[in-house]
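Right, one structure below, let's go through it.
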Amino acid sequence: MKDMKEYLVKSYEMTTGAQGYLYGFVQNHNLYYVLTAGLIDEALKLDHESSKRGGRFKIRIRFSSAMRKAMIATGKAVLLGSENLLDTNDKYNKGERFERIITESLTGERWEKDSKPYWECGDVRLNGKEIQVKFDGAELTNESAIEKGLAAKAA
């Protein structure tokens, strides 16, 4: 199992079009983000899809309460506002809503959902860098995406 996590993470890092990561999370009803140059290994958890969806392995991002508290205490986490910012009456999930908030508040650009693959670019461009945006609990990648990313990079 450890080998599968390592394989997925290393393959993701080899193929990603992102040059940094912006993670979002909620702590004490407040919405925060952390901008990093790389993946936060302690937050990467090996998981798998339901057998109904194929049962393949995937990597999820999950911050423990202690990690969230430490990022806030050290000043690494930036307060965006109340978690209520994520509560909108639309068709999007929390991760998509978080990406919209980040795009519109940090770049001033209007957010539109796209389906560009992770190996082409990040979710948002900040300070000239492609940044992958992920909300706590989100899937980072899965076996199928890795296979497509490796094939695209090999082409």
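Ordering of the structure tokens sets the chain letters (A, B, ...); residue numbers start at 1 within each chain; ligands are numbered from 1 in the order shown.
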
Spatial neighbours of Gly122 of chain A, 6 Å, only C-alpha atoms, chain gap at least 6 places, as a ChimeraX atom specification
/A:17-18,130-132

How close does each residue of segment 92-120 of chain A get to segment 5-15 of chain A, giving the shortest atom pair and distance in Å to one decimal for every residue with an atom at most 9 Å away, counting only C-alpha atoms, sorted by chain and residue number, as a tab-separated table?
```
residue	atom	partner	partner_atom	distance
A:Tyr118	CA	A:Thr15	CA	8.1
A:Trp119	CA	A:Thr15	CA	5.4
A:Glu120	CA	A:Thr15	CA	8.7
```

Would you kindly return, as a list in words, each protein, DNA or RNA residue with an atom no farther than 10 Å from any atom of segment 25-28 of chain A, considering only C-alpha atoms and excluding same-chain residues fewer than 5 positions away?
Tyr33, Val34, Arg62, Phe63, Ser65, Arg68, Lys69, Ile72, Ala77, Leu79, Leu80, Gly81, Ser82, Glu83, Leu86, Gly95, Phe98, Lys134, Phe135, Asp136 and Gly137 of chain A

Just checking: using only C-alpha atoms, which residue out of A:Thr74, A:Ser64, A:Asn127, A:Thr88 ends up closest to Thr107 of chain A?
A:Asn127

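Counting only C-alpha atoms, the residue from A:Lys91, A:Leu106, A:Leu140, A:Met4 that sits nearest to Leu35 of chain A is A:Leu106.
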